[in-house]
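Chemist: File name query-v7.pdb; file contents PDB, C-alpha atoms; full text below.
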ATOM      1  CA  MET A   1     204.133  -4.297 166.046
ATOM      2  CA  LYS A   2     204.472  -0.671 164.904
ATOM      3  CA  ALA A   3     206.984   1.095 167.081
ATOM      4  CA  ASP A   4     205.299   4.457 166.833
ATOM      5  CA  GLY A   5     202.111   3.069 168.431
ATOM      6  CA  VAL A   6     204.097   2.065 171.489
ATOM      7  CA  LEU A   7     205.741   5.468 171.721
ATOM      8  CA  PHE A   8     202.480   7.316 171.057
ATOM      9  CA  HIS A   9     200.914   5.404 173.934
ATOM     10  CA  ALA A  10     203.917   5.952 176.196
ATOM     11  CA  LYS A  11     203.898   9.699 175.511
ATOM     12  CA  HIS A  12     200.325   9.983 176.750
ATOM     13  CA  ALA A  13     200.724   7.609 179.713
ATOM     14  CA  PHE A  14     203.977   9.137 180.907
ATOM     15  CA  MET A  15     202.964  12.111 183.052
ATOM     16  CA  PRO A  16     200.250  10.563 185.292
ATOM     17  CA  ASN A  17     202.618   7.659 185.822
ATOM     18  CA  SER A  18     205.465   9.946 186.814
ATOM     19  CA  LEU A  19     203.119  11.697 189.261
ATOM     20  CA  GLY A  20     202.268   8.343 190.837
ATOM     21  CA  TYR A  21     198.613   8.316 189.769
ATOM     22  CA  CYS A  22     198.645   5.121 187.729
ATOM     23  CA  GLY A  23     200.772   2.356 186.303
ATOM     24  CA  PRO A  24     203.881   0.708 187.707
ATOM     25  CA  ASP A  25     206.807   2.327 189.448
ATOM     26  CA  GLU A  26     209.104   2.148 186.445
ATOM     27  CA  LYS A  27     211.889   4.359 187.775
ATOM     28  CA  GLY A  28     212.234   6.675 184.812
ATOM     29  CA  GLN A  29     212.226   4.014 182.111
ATOM     30  CA  ILE A  30     209.396   5.557 180.084
ATOM     31  CA  GLN A  31     211.126   8.936 179.965
ATOM     32  CA  ARG A  32     214.437   7.356 178.978
ATOM     33  CA  ASP A  33     212.783   5.403 176.187
ATOM     34  CA  LEU A  34     210.866   8.446 174.961
ATOM     35  CA  GLU A  35     214.030  10.551 174.922
ATOM     36  CA  GLY A  36     215.864   7.785 173.101
ATOM     37  CA  ASP A  37     212.952   7.305 170.697
ATOM     38  CA  ARG A  38     213.244   3.668 171.680
ATOM     39  CA  SER A  39     210.360   1.246 171.478
ATOM     40  CA  ASP A  40     211.494  -2.108 172.801
ATOM     41  CA  GLU A  41     210.044  -5.110 174.591
ATOM     42  CA  GLU A  42     210.957  -3.667 177.984
ATOM     43  CA  LEU A  43     208.843  -0.586 177.298
ATOM     44  CA  VAL A  44     205.982  -2.747 176.054
ATOM     45  CA  GLU A  45     206.140  -4.830 179.235
ATOM     46  CA  THR A  46     205.996  -1.672 181.347
ATOM     47  CA  LEU A  47     203.012  -0.332 179.414
ATOM     48  CA  GLN A  48     201.232  -3.664 179.885
ATOM     49  CA  LYS A  49     201.337  -3.065 183.651
ATOM     50  CA  PHE A  50     199.016  -0.055 183.525
ATOM     51  CA  GLU A  51     195.920  -1.239 185.358
ATOM     52  CA  ALA A  52     193.347   0.439 183.121
ATOM     53  CA  ALA A  53     194.955   1.861 180.002
ATOM     54  CA  TYR A  54     196.285  -1.449 178.732
ATOM     55  CA  PRO A  55     192.986  -3.334 179.136
ATOM     56  CA  PHE A  56     191.285  -0.502 177.220
ATOM     57  CA  LEU A  57     193.761  -0.925 174.368
ATOM     58  CA  LYS A  58     193.158  -4.674 174.318
ATOM     59  CA  LEU A  59     189.401  -4.097 174.142
ATOM     60  CA  ILE A  60     189.690  -1.687 171.214
ATOM     61  CA  ALA A  61     192.253  -3.859 169.411
ATOM     62  CA  LYS A  62     190.132  -6.981 169.719
ATOM     63  CA  SER A  63     187.027  -5.242 168.371
ATOM     64  CA  ALA A  64     188.925  -3.679 165.486
ATOM     65  CA  GLY A  65     190.946  -6.762 164.610
ATOM     66  CA  ARG A  66     194.182  -4.889 165.211
ATOM     67  CA  ARG A  67     197.241  -5.524 167.323
ATOM     68  CA  VAL A  68     197.265  -3.729 170.666
ATOM     69  CA  PHE A  69     200.039  -1.298 169.785
ATOM     70  CA  ASP A  70     199.043  -0.615 166.205
ATOM     71  CA  TYR A  71     199.156   3.177 166.102
ATOM     72  CA  SER A  72     195.418   3.514 165.511
ATOM     73  CA  VAL A  73     194.582   1.660 168.748
ATOM     74  CA  PRO A  74     196.188   3.965 171.352
ATOM     75  CA  GLU A  75     195.197   6.843 169.065
ATOM     76  CA  ALA A  76     191.560   5.769 169.404
ATOM     77  CA  TYR A  77     191.851   5.538 173.153
ATOM     78  CA  TRP A  78     193.644   8.819 173.867
ATOM     79  CA  ILE A  79     192.538  11.022 170.959
ATOM     80  CA  GLY A  80     189.574   9.274 169.339
ATOM     81  CA  ASN A  81     189.069   7.743 165.923
ATOM     82  CA  ARG A  82     186.609   5.465 164.150
ATOM     83  CA  LEU A  83     187.906   2.349 165.922
ATOM     84  CA  LEU A  84     185.876   3.432 168.950
ATOM     85  CA  ASP A  85     182.732   2.849 166.912
ATOM     86  CA  LEU A  86     183.731  -0.776 166.330
ATOM     87  CA  VAL A  87     183.595  -1.745 170.010
ATOM     88  CA  PRO A  88     180.262  -3.476 170.691
ATOM     89  CA  THR A  89     178.392  -2.033 173.648
ATOM     90  CA  SER A  90     178.019  -5.492 175.157
ATOM     91  CA  ASP A  91     181.788  -5.993 175.072
ATOM     92  CA  PHE A  92     182.448  -2.624 176.704
ATOM     93  CA  TYR A  93     179.792  -3.312 179.329
ATOM     94  CA  SER A  94     181.329  -6.659 180.177
ATOM     95  CA  PHE A  95     184.821  -5.134 180.119
ATOM     96  CA  SER A  96     183.760  -2.365 182.495
ATOM     97  CA  HIS A  97     182.609  -4.942 185.026
ATOM     98  CA  HIS A  98     185.391  -7.459 184.739
ATOM     99  CA  GLU A  99     188.498  -5.571 183.695
ATOM    100  CA  ILE A 100     188.194  -2.267 185.557
ATOM    101  CA  LYS A 101     188.104  -3.720 189.035
ATOM    102  CA  GLY A 102     188.259  -0.491 190.994
ATOM    103  CA  ARG A 103     184.871   0.749 189.814
ATOM    104  CA  ASP A 104     181.589   0.216 191.584
ATOM    105  CA  PRO A 105     179.597  -2.271 189.436
ATOM    106  CA  GLU A 106     176.346  -0.497 190.273
ATOM    107  CA  LYS A 107     177.746   2.758 188.915
ATOM    108  CA  VAL A 108     178.859   0.989 185.763
ATOM    109  CA  ARG A 109     175.335  -0.358 185.255
ATOM    110  CA  GLU A 110     173.915   3.121 185.812
ATOM    111  CA  VAL A 111     176.203   4.671 183.203
ATOM    112  CA  PHE A 112     175.168   2.187 180.528
ATOM    113  CA  ARG A 113     171.475   2.214 181.450
ATOM    114  CA  LYS A 114     171.151   5.984 181.533
ATOM    115  CA  LEU A 115     173.024   6.433 178.273
ATOM    116  CA  ASP A 116     171.104   3.668 176.503
ATOM    117  CA  GLY A 117     174.337   1.794 176.006
ATOM    118  CA  VAL A 118     176.062   4.661 174.199
ATOM    119  CA  ALA A 119     179.363   4.747 176.056
ATOM    120  CA  PRO A 120     182.646   4.915 174.154
ATOM    121  CA  PRO A 121     185.899   3.354 175.435
ATOM    122  CA  HIS A 122     187.525   6.762 175.103
ATOM    123  CA  HIS A 123     189.864   8.018 177.810
ATOM    124  CA  THR A 124     188.106  11.361 178.169
ATOM    125  CA  PHE A 125     184.727   9.690 178.595
ATOM    126  CA  TYR A 126     186.191   7.456 181.295
ATOM    127  CA  VAL A 127     187.594  10.478 183.138
ATOM    128  CA  MET A 128     184.452  12.573 182.912
ATOM    129  CA  SER A 129     182.055   9.747 183.747
ATOM    130  CA  THR A 130     184.153   8.899 186.790
ATOM    131  CA  TYR A 131     183.538  12.389 188.099
ATOM    132  CA  ALA A 132     179.864  12.298 187.106
ATOM    133  CA  THR A 133     179.229   9.128 189.092
ATOM    134  CA  ALA A 134     181.399   9.949 192.093
ATOM    135  CA  ALA A 135     179.570  10.604 195.334
ATOM    136  CA  VAL A 136     180.819  14.147 195.660
ATOM    137  CA  PRO A 137     179.408  15.511 198.911
ATOM    138  CA  ASP A 138     176.375  17.781 198.629
ATOM    139  CA  GLY A 139     175.797  16.889 194.999
ATOM    140  CA  PRO A 140     174.911  19.937 192.942
ATOM    141  CA  ASN A 141     175.293  22.201 195.993
ATOM    142  CA  ILE A 142     179.033  21.871 196.230
ATOM    143  CA  THR A 143     180.999  25.026 196.851
ATOM    144  CA  ASN A 144     182.596  27.019 194.089
ATOM    145  CA  GLU A 145     186.013  26.078 195.452
ATOM    146  CA  ALA A 146     185.152  22.372 195.283
ATOM    147  CA  ARG A 147     183.880  22.868 191.750
ATOM    148  CA  ARG A 148     187.090  24.576 190.767
ATOM    149  CA  LYS A 149     189.136  21.691 192.148
ATOM    150  CA  ILE A 150     186.984  19.100 190.416
ATOM    151  CA  ALA A 151     187.146  20.965 187.119
ATOM    152  CA  GLU A 152     190.916  21.173 187.471
ATOM    153  CA  VAL A 153     191.394  17.471 188.118
ATOM    154  CA  VAL A 154     189.048  16.506 185.265
ATOM    155  CA  ASP A 155     190.835  18.953 182.972
ATOM    156  CA  ASN A 156     194.267  17.669 183.932
ATOM    157  CA  CYS A 157     193.315  14.033 183.674
ATOM    158  CA  ARG A 158     191.564  14.136 180.301
ATOM    159  CA  ILE A 159     193.655  14.654 177.192
ATOM    160  CA  SER A 160     193.303  18.288 176.222
ATOM    161  CA  TRP A 161     194.714  19.952 173.162
ATOM    162  CA  GLY A 162     195.611  23.384 171.898
ATOM    163  CA  THR A 163     197.636  25.574 169.595
ATOM    164  CA  VAL A 164     201.190  26.469 170.539
ATOM    165  CA  ARG A 165     201.612  30.234 170.752
ATOM    166  CA  LYS A 166     205.120  30.491 172.167
ATOM    167  CA  VAL A 167     207.984  28.042 172.612
ATOM    168  CA  GLY A 168     210.198  28.387 175.680
ATOM    169  CA  LYS A 169     213.108  26.317 176.899
ATOM    170  CA  GLU A 170     211.030  23.989 179.062
ATOM    171  CA  GLU A 171     207.532  25.408 178.661
ATOM    172  CA  LEU A 172     205.093  25.993 175.875
ATOM    173  CA  GLN A 173     202.395  28.625 175.904
ATOM    174  CA  VAL A 174     199.384  26.873 174.461
ATOM    175  CA  GLU A 175     195.934  28.245 173.683
ATOM    176  CA  VAL A 176     193.519  25.738 175.178
ATOM    177  CA  ARG A 177     189.917  25.388 176.263
ATOM    178  CA  ARG A 178     189.689  24.166 179.839
ATOM    179  CA  VAL A 179     186.953  22.133 181.469
ATOM    180  CA  ASN A 180     184.346  24.103 183.383
ATOM    181  CA  VAL A 181     181.901  22.631 185.906
ATOM    182  CA  ASP A 182     178.682  24.426 186.777
ATOM    183  CA  ASP A 183     174.993  23.697 187.323
ATOM    184  CA  GLY A 184     174.595  22.902 183.649
ATOM    185  CA  GLY A 185     177.266  20.224 183.847
ATOM    186  CA  LEU A 186     180.581  20.133 182.045
ATOM    187  CA  SER A 187     181.604  22.466 179.267
ATOM    188  CA  LEU A 188     184.739  23.890 177.714
ATOM    189  CA  THR A 189     185.751  27.477 178.364
ATOM    190  CA  ARG A 190     186.693  30.013 175.746
ATOM    191  CA  PRO A 191     190.282  29.629 174.516
ATOM    192  CA  ALA A 192     192.957  31.008 176.812
ATOM    193  CA  VAL A 193     196.712  30.619 176.997
ATOM    194  CA  LYS A 194     198.194  28.305 179.592
ATOM    195  CA  ARG A 195     201.749  27.201 180.241
ATOM    196  CA  VAL A 196     202.554  23.514 179.912
ATOM    197  CA  ARG A 197     205.792  21.626 180.308
ATOM    198  CA  TYR A 198     207.379  19.789 177.416
ATOM    199  CA  ASN A 199     210.506  17.766 176.812
ATOM    200  CA  PRO A 200     212.512  18.927 173.776
ATOM    201  CA  GLU A 201     214.444  15.644 173.933
ATOM    202  CA  VAL A 202     211.288  13.762 172.968
ATOM    203  CA  ARG A 203     210.604  13.642 169.250
ATOM    204  CA  PRO A 204     209.146  15.783 167.632
ATOM    205  CA  PHE A 205     209.366  18.455 170.325
ATOM    206  CA  GLY A 206     212.873  19.467 169.310
ATOM    207  CA  THR A 207     211.273  21.233 166.361
ATOM    208  CA  VAL A 208     207.936  22.270 167.873
ATOM    209  CA  LYS A 209     206.866  25.726 166.758
ATOM    210  CA  ALA A 210     204.124  28.275 167.159
ATOM    211  CA  GLY A 211     201.014  27.155 165.327
ATOM    212  CA  ASP A 212     201.496  23.441 166.036
ATOM    213  CA  MET A 213     198.652  21.596 167.724
ATOM    214  CA  VAL A 214     199.649  19.529 170.755
ATOM    215  CA  SER A 215     197.963  17.041 173.063
ATOM    216  CA  ILE A 216     198.307  17.685 176.798
ATOM    217  CA  HIS A 217     198.052  15.424 179.863
ATOM    218  CA  TRP A 218     198.607  16.753 183.376
ATOM    219  CA  ASN A 219     200.091  20.020 182.069
ATOM    220  CA  TYR A 220     202.581  18.127 179.920
ATOM    221  CA  ALA A 221     202.649  18.326 176.129
ATOM    222  CA  CYS A 222     202.518  14.709 174.945
ATOM    223  CA  ASP A 223     202.692  14.888 171.166
ATOM    224  CA  VAL A 224     202.226  17.133 168.151
ATOM    225  CA  LEU A 225     198.872  16.386 166.537
ATOM    226  CA  THR A 226     197.969  16.209 162.893
ATOM    227  CA  SER A 227     195.008  18.267 161.731
ATOM    228  CA  ARG A 228     192.998  15.034 161.493
ATOM    229  CA  GLN A 229     193.810  14.197 165.104
ATOM    230  CA  ALA A 230     192.977  17.738 166.225
ATOM    231  CA  LYS A 231     189.575  17.460 164.564
ATOM    232  CA  ASN A 232     189.004  14.038 166.078
ATOM    233  CA  ILE A 233     189.880  14.982 169.644
ATOM    234  CA  ALA A 234     187.538  17.974 169.418
ATOM    235  CA  LYS A 235     184.767  15.802 167.992
ATOM    236  CA  TYR A 236     185.085  12.977 170.509
ATOM    237  CA  THR A 237     185.529  15.335 173.463
ATOM    238  CA  ASP A 238     182.339  17.180 172.500
ATOM    239  CA  SER A 239     180.541  13.865 172.273
ATOM    240  CA  ASP A 240     181.919  12.746 175.656
ATOM    241  CA  ILE A 241     180.794  15.983 177.296
ATOM    242  CA  GLY A 242     177.310  15.585 175.833
ATOM    243  CA  LEU A 243     177.034  12.043 177.160
ATOM    244  CA  VAL A 244     178.355  12.925 180.606
ATOM    245  CA  ASN A 245     175.983  15.876 180.889
ATOM    246  CA  ARG A 246     173.081  13.529 180.097
ATOM    247  CA  LEU A 247     174.359  11.265 182.822
ATOM    248  CA  MET A 248     174.648  14.110 185.318
ATOM    249  CA  LYS A 249     171.159  15.437 184.564
ATOM    250  CA  SER A 250     169.833  11.979 185.147
ATOM    251  CA  GLU A 251     171.763  11.717 188.430
ATOM    252  CA  ALA A 252     170.463  15.131 189.530
ATOM    253  CA  ALA A 253     166.872  14.148 188.739
ATOM    254  CA  ARG A 254     167.291  10.983 190.801
ATOM    255  CA  LYS A 255     168.499  12.987 193.829
TER     256      LYS A 255
ATOM    257  CA  MET B 256     195.529   7.453 182.496
ATOM    258  CA  CYS B 257     194.165   8.400 185.855
ATOM    259  CA  ILE B 258     192.248   5.748 187.649
ATOM    260  CA  THR B 259     190.109   5.935 190.728
ATOM    261  CA  ARG B 260     191.977   4.353 193.593
ATOM    262  CA  ALA B 261     190.748   3.606 197.051
ATOM    263  CA  GLY B 262     192.831   3.836 200.173
ATOM    264  CA  LYS B 263     193.103   4.930 203.770
ATOM    265  CA  VAL B 264     193.995   8.370 205.059
ATOM    266  CA  VAL B 265     196.952   7.873 207.379
ATOM    267  CA  TYR B 266     197.732  11.535 207.941
ATOM    268  CA  ALA B 267     195.675  14.647 207.295
ATOM    269  CA  SER B 268     196.264  18.317 207.879
ATOM    270  CA  GLN B 269     194.609  21.401 206.435
ATOM    271  CA  GLY B 270     192.843  19.560 203.657
ATOM    272  CA  ARG B 271     195.884  17.633 202.441
ATOM    273  CA  ALA B 272     196.612  14.022 203.311
ATOM    274  CA  ARG B 273     198.819  11.017 202.897
ATOM    275  CA  VAL B 274     196.760   8.187 201.501
ATOM    276  CA  GLU B 275     197.937   4.596 201.439
ATOM    277  CA  PHE B 276     196.207   2.825 198.597
ATOM    278  CA  PHE B 277     195.016  -0.741 198.514
ATOM    279  CA  ASP B 278     197.389  -1.457 195.640
ATOM    280  CA  GLY B 279     200.323  -0.940 198.007
ATOM    281  CA  ARG B 280     201.289   2.507 196.808
ATOM    282  CA  ALA B 281     200.855   5.855 198.538
ATOM    283  CA  LEU B 282     200.533   9.537 197.726
ATOM    284  CA  ASP B 283     201.641  12.264 200.121
ATOM    285  CA  ASP B 284     199.717  15.255 198.847
ATOM    286  CA  VAL B 285     196.129  14.205 198.245
ATOM    287  CA  ASP B 286     193.558  16.989 198.413
ATOM    288  CA  VAL B 287     190.870  15.717 200.810
ATOM    289  CA  SER B 288     189.205  19.089 201.367
ATOM    290  CA  VAL B 289     186.216  18.410 199.091
ATOM    291  CA  VAL B 290     185.187  15.377 201.138
ATOM    292  CA  ASN B 291     186.602  16.660 204.445
ATOM    293  CA  ALA B 292     188.298  13.334 205.159
ATOM    294  CA  LYS B 293     190.093  12.792 208.445
ATOM    295  CA  LYS B 294     192.775  10.347 209.522
ATOM    296  CA  GLY B 295     191.444   6.789 209.358
ATOM    297  CA  ALA B 296     188.852   7.491 206.652
ATOM    298  CA  PHE B 297     188.668   5.376 203.503
ATOM    299  CA  VAL B 298     188.587   7.547 200.408
ATOM    300  CA  GLU B 299     188.249   7.215 196.661
ATOM    301  CA  VAL B 300     190.906   9.293 194.939
ATOM    302  CA  PHE B 301     191.024  10.472 191.355
ATOM    303  CA  GLY B 302     194.385  11.880 190.342
ATOM    304  CA  ASN B 303     195.295  13.755 193.484
ATOM    305  CA  LEU B 304     191.751  14.661 194.560
ATOM    306  CA  ALA B 305     189.576  12.638 196.946
ATOM    307  CA  LEU B 306     186.075  12.521 195.452
ATOM    308  CA  SER B 307     184.241  10.406 198.008
ATOM    309  CA  ILE B 308     184.457   8.694 201.366
ATOM    310  CA  LEU B 309     183.872   4.946 201.407
ATOM    311  CA  ASN B 310     182.166   3.026 204.185
ATOM    312  CA  SER B 311     184.067   0.059 205.591
ATOM    313  CA  ALA B 312     182.120  -2.543 203.593
ATOM    314  CA  GLU B 313     182.772  -0.727 200.326
ATOM    315  CA  ALA B 314     186.397  -0.235 201.316
ATOM    316  CA  ARG B 315     186.774  -3.985 201.901
ATOM    317  CA  ARG B 316     185.278  -4.715 198.498
ATOM    318  CA  ARG B 317     187.595  -2.238 196.793
ATOM    319  CA  LYS B 318     190.577  -3.673 198.647
ATOM    320  CA  GLN B 319     189.773  -7.128 197.356
ATOM    321  CA  ALA B 320     189.270  -5.827 193.822
ATOM    322  CA  TRP B 321     192.578  -3.965 193.907
ATOM    323  CA  ALA B 322     194.396  -6.999 195.218
ATOM    324  CA  GLU B 323     193.185  -8.871 192.126
ATOM    325  CA  VAL B 324     194.298  -6.080 189.802
ATOM    326  CA  ALA B 325     197.658  -5.689 191.474
ATOM    327  CA  LYS B 326     198.265  -9.424 191.397
ATOM    328  CA  ALA B 327     197.424  -9.446 187.705
ATOM    329  CA  VAL B 328     199.852  -6.681 186.812
ATOM    330  CA  GLY B 329     202.509  -7.500 189.389
ATOM    331  CA  THR B 330     202.601  -4.177 191.161
ATOM    332  CA  LEU B 331     201.432  -5.196 194.618
ATOM    333  CA  ARG B 332     204.004  -4.376 197.229
ATOM    334  CA  LYS B 333     203.737  -6.084 200.563
TER     335      LYS B 333
END
Now, as a test, write the supplied structure out as C-alpha cells.
Modeler:
Amino acid sequence: MKADGVLFHAKHAFMPNSLGYCGPDEKGQIQRDLEGDRSDEELVETLQKFEAAYPFLKLIAKSAGRRVFDYSVPEAYWIGNRLLDLVPTSDFYSFSHHEIKGRDPEKVREVFRKLDGVAPPHHTFYVMSTYATAAVPDGPNITNEARRKIAEVVDNCRISWGTVRKVGKEELQVEVRRVNVDDGGLSLTRPAVKRVRYNPEVRPFGTVKAGDMVSIHWNYACDVLTSRQAKNIAKYTDSDIGLVNRLMKSEAARK
Amino acid sequence: MCITRAGKVVYASQGRARVEFFDGRALDDVDVSVVNAKKGAFVEVFGNLALSILNSAEARRRKQAWAEVAKAVGTLRK
C-alpha cells in the first residue's frame, strides 16, 4: 500500500466529514493523521467507513487491477485520470444499484439510459448528477435564490481547483471558477478570487505559495496539484458538466 | 464526498431545520427553504441543502437502504 494514496484520499474526504455530511464520526482522527503526515491502519479503517467514497475506490481499483489506496485510484476518483476509462459501464451500472444504497434505482437507470451508458465513476459527476436527478420543486422554474443555493452546494461538494494568489495565516486567496446554474444547465463562471481555509500543518501547505494550483472541497484547500492533475481535473470536470447538461435537457424535455 | 441522505425534519424555523437521518446521525442547520419542508416531513439532503421531499413509502425504502449501509460500515447508532 502506498502511504501517499491514503493521505491523498484523506485530504479530500476530510472537510465534508468534519462538517458531518458523510463518513464516520472519527473525532478528529483524520486531521491528526494529516497533520502528522501519518498513514496507518487506523486511518485506513476510518476511510473504509465512508459509505460512498470507499466503494467508489474499490470499483476503480478492481477495474484497473490496482490496490484501493494506490495513489492513482483516489486520484482518479477525486481529480480524474485514465483509470476512469477502465471501469466497464456494466460494472458501474451494477455498482450504482447495489453499492450506493441511498439512491433511487429508477434515477440510476435514467442516468445510464439517457447518457447511453457514458457515466464515469468520478466524484464530480456523482455530485452533479445527483442534483440533476433530484426532484427540485418547480423544475426549471425555480427561483433565482434557490438556484444560487443549489449552485453553491454543487460547487462546494464537487472538487474545485484554482491558482493561489495570496497566502494568509489560515486562508488562501484562490482564483477559481465556480459552478453556475441557469436555464442552460450547469457551467463554470469566469475566474474570480475566493477565500478558502487551509491547514499549514498539513504537508505541503507549510510551503504553499502564490502560483500553486490547489484542489478545494467545501472551501478547504485539500492538496497542491501538479500541472498534470490541474489539466486532468479541468478536462474531467468539463466532461462531467457536458454529460450532466445532456441529462438535464433530457429531464426538461420529459417534463 | 457528499452523499444524499434521507431523514426526518424534527424542527424547522425560517427555512432552517434539524434533520435526523436514517443512518442515526443528525444535522442542526439544514437549509430546507428550497423545498419548503416543515416539521415531520421526510427530506433528501445533499450536503446541507434539502433537495426534495420524500413520500412515506419512499422514506421507508430509503430507511431500509440506509440501515443496510450503516450496518455494513458500522456507523449506525441506536
Chemist: Apply the ChimeraX specification (/B :<8) & /A to the structure shown and report the selected residues as an MDAnalysis selection string.
Modeler: chainID A and resid 12:13 16:17 20:22 24:25 48:53 101:103 123 127 130:131 134:137 146 149:150 153 157
Chemist: Can you work out the spacing between atom CA of A:Thr163 and atom CA of A:Arg178 in Å, to one decimal?
Modeler: 13.0 Å
Chemist: Can you give me, as a ChimeraX atom specification, the residues this file yields under the PyMOL selection byres ((chain A and resi 239) around 12)?
Modeler: /A:80,118-120,122,124-125,128,186-187,232-238,240-246
Chemist: Please enumerate the residues selected by the PyMOL selection byres ((chain A and resi 205-217) around 8) when evaluated against the supplied file, formatted as a PyMOL selection string.
Modeler: chain A and resi 12+15-16+156-167+196+198-204+218-227+230
Chemist: Counting only C-alpha atoms, write as a PyMOL selection string all protein and nucleic acid residues lying at most 12 Å from (192.3, -7.1, 172.9) in the file's frame.
Modeler: chain A and resi 48+53-70+73-74+87+91-92+95+99
Chemist: Would you write out those residues with C-alpha atoms, as a PDB file, keeping the file's coordinate frame?
Modeler:
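Done, and the output landed in again.pdb:
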ATOM      1  CA  GLN A  48     201.232  -3.664 179.885  1.00  0.00           C
ATOM      2  CA  ALA A  53     194.955   1.861 180.002  1.00  0.00           C
ATOM      3  CA  TYR A  54     196.285  -1.449 178.732  1.00  0.00           C
ATOM      4  CA  PRO A  55     192.986  -3.334 179.136  1.00  0.00           C
ATOM      5  CA  PHE A  56     191.285  -0.502 177.220  1.00  0.00           C
ATOM      6  CA  LEU A  57     193.761  -0.925 174.368  1.00  0.00           C
ATOM      7  CA  LYS A  58     193.158  -4.674 174.318  1.00  0.00           C
ATOM      8  CA  LEU A  59     189.401  -4.097 174.142  1.00  0.00           C
ATOM      9  CA  ILE A  60     189.690  -1.687 171.214  1.00  0.00           C
ATOM     10  CA  ALA A  61     192.253  -3.859 169.411  1.00  0.00           C
ATOM     11  CA  LYS A  62     190.132  -6.981 169.719  1.00  0.00           C
ATOM     12  CA  SER A  63     187.027  -5.242 168.371  1.00  0.00           C
ATOM     13  CA  ALA A  64     188.925  -3.679 165.486  1.00  0.00           C
ATOM     14  CA  GLY A  65     190.946  -6.762 164.610  1.00  0.00           C
ATOM     15  CA  ARG A  66     194.182  -4.889 165.211  1.00  0.00           C
ATOM     16  CA  ARG A  67     197.241  -5.524 167.323  1.00  0.00           C
ATOM     17  CA  VAL A  68     197.265  -3.729 170.666  1.00  0.00           C
ATOM     18  CA  PHE A  69     200.039  -1.298 169.785  1.00  0.00           C
ATOM     19  CA  ASP A  70     199.043  -0.615 166.205  1.00  0.00           C
ATOM     20  CA  VAL A  73     194.582   1.660 168.748  1.00  0.00           C
ATOM     21  CA  PRO A  74     196.188   3.965 171.352  1.00  0.00           C
ATOM     22  CA  VAL A  87     183.595  -1.745 170.010  1.00  0.00           C
ATOM     23  CA  ASP A  91     181.788  -5.993 175.072  1.00  0.00           C
ATOM     24  CA  PHE A  92     182.448  -2.624 176.704  1.00  0.00           C
ATOM     25  CA  PHE A  95     184.821  -5.134 180.119  1.00  0.00           C
ATOM     26  CA  GLU A  99     188.498  -5.571 183.695  1.00  0.00           C
TER      27      GLU A  99
END
Chemist: Identify the residues around (189.9, 2.9, 206.9) within a radius of 8 Å, measuring from all atoms listed in the file in the coordinates stated by the file, and give them as a list in words.
Modeler: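 Applying the cut-off with all atoms listed in the file, one gets Gly262, Lys263, Val264, Gly295, Ala296, Phe297, Ser311 and Ala314 of chain B.
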Chemist: Rounded to one decimal, what separation in Å do you get between atom CA of A:Val181 and atom CA of B:Val285?
Modeler: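 So the two atoms, atom CA of A:Val181 and atom CA of B:Val285, lie 20.6 Å apart.
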Chemist: Using Å and a single decimal, report how far atom CA of A:Gln173 sits from atom CA of A:Arg190.
Modeler: 15.8 Å
Chemist: Please identify all polymer residues within 9 Å of A:Gly117, counting all atoms listed in the file, omitting same-chain residues fewer than 6 positions from it, and present them as a list in words.
Modeler: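 Listed by chain and then number, they are Thr89, Ser90, Tyr93 and Val111 of chain A.
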Chemist: Using the selection just defined, write its residues with C-alpha atoms as an mmCIF file, in the coordinates of the input.
Modeler:
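Saved result, out_23.cif, follows:
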data_model
loop_
_atom_site.group_PDB
_atom_site.id
_atom_site.type_symbol
_atom_site.label_atom_id
_atom_site.label_comp_id
_atom_site.auth_asym_id
_atom_site.auth_seq_id
_atom_site.Cartn_x
_atom_site.Cartn_y
_atom_site.Cartn_z
ATOM 1 C CA THR A 89 178.392 -2.033 173.648
ATOM 2 C CA SER A 90 178.019 -5.492 175.157
ATOM 3 C CA TYR A 93 179.792 -3.312 179.329
ATOM 4 C CA VAL A 111 176.203 4.671 183.203
#
Chemist: Write out as a ChimeraX atom specification the residues lying within 6 Å of B:Val287, counting all atoms listed in the file and excluding same-chain residues fewer than 5 positions away.
Modeler: /B:270-271,292,305
Chemist: Is there a way to complete stretch 313-321 of chain B with N, CA and C atoms and then write that out as a tab-separated table (two decimals), in the frame of the given file?
Modeler:
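That gives us part-v5.tsv:
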chain	number	residue	atom	x	y	z
B	313	GLU	N	182.34	-1.07	201.68
B	313	GLU	CA	182.77	-0.73	200.33
B	313	GLU	C	184.30	-0.72	200.25
B	314	ALA	N	184.93	-0.25	201.30
B	314	ALA	CA	186.40	-0.24	201.32
B	314	ALA	C	186.94	-1.66	201.23
B	315	ARG	N	186.32	-2.58	201.95
B	315	ARG	CA	186.77	-3.98	201.90
B	315	ARG	C	186.64	-4.55	200.49
B	316	ARG	N	185.50	-4.21	199.85
B	316	ARG	CA	185.28	-4.72	198.50
B	316	ARG	C	186.31	-4.15	197.53
B	317	ARG	N	186.60	-2.86	197.67
B	317	ARG	CA	187.60	-2.24	196.79
B	317	ARG	C	188.99	-2.83	197.04
B	318	LYS	N	189.26	-3.12	198.31
B	318	LYS	CA	190.58	-3.67	198.65
B	318	LYS	C	190.77	-5.02	197.97
B	319	GLN	N	189.71	-5.82	198.00
B	319	GLN	CA	189.77	-7.13	197.36
B	319	GLN	C	189.96	-6.98	195.84
B	320	ALA	N	189.19	-6.04	195.27
B	320	ALA	CA	189.27	-5.83	193.82
B	320	ALA	C	190.67	-5.37	193.43
B	321	TRP	N	191.25	-4.46	194.23
B	321	TRP	CA	192.58	-3.96	193.91
B	321	TRP	C	193.64	-5.03	194.07
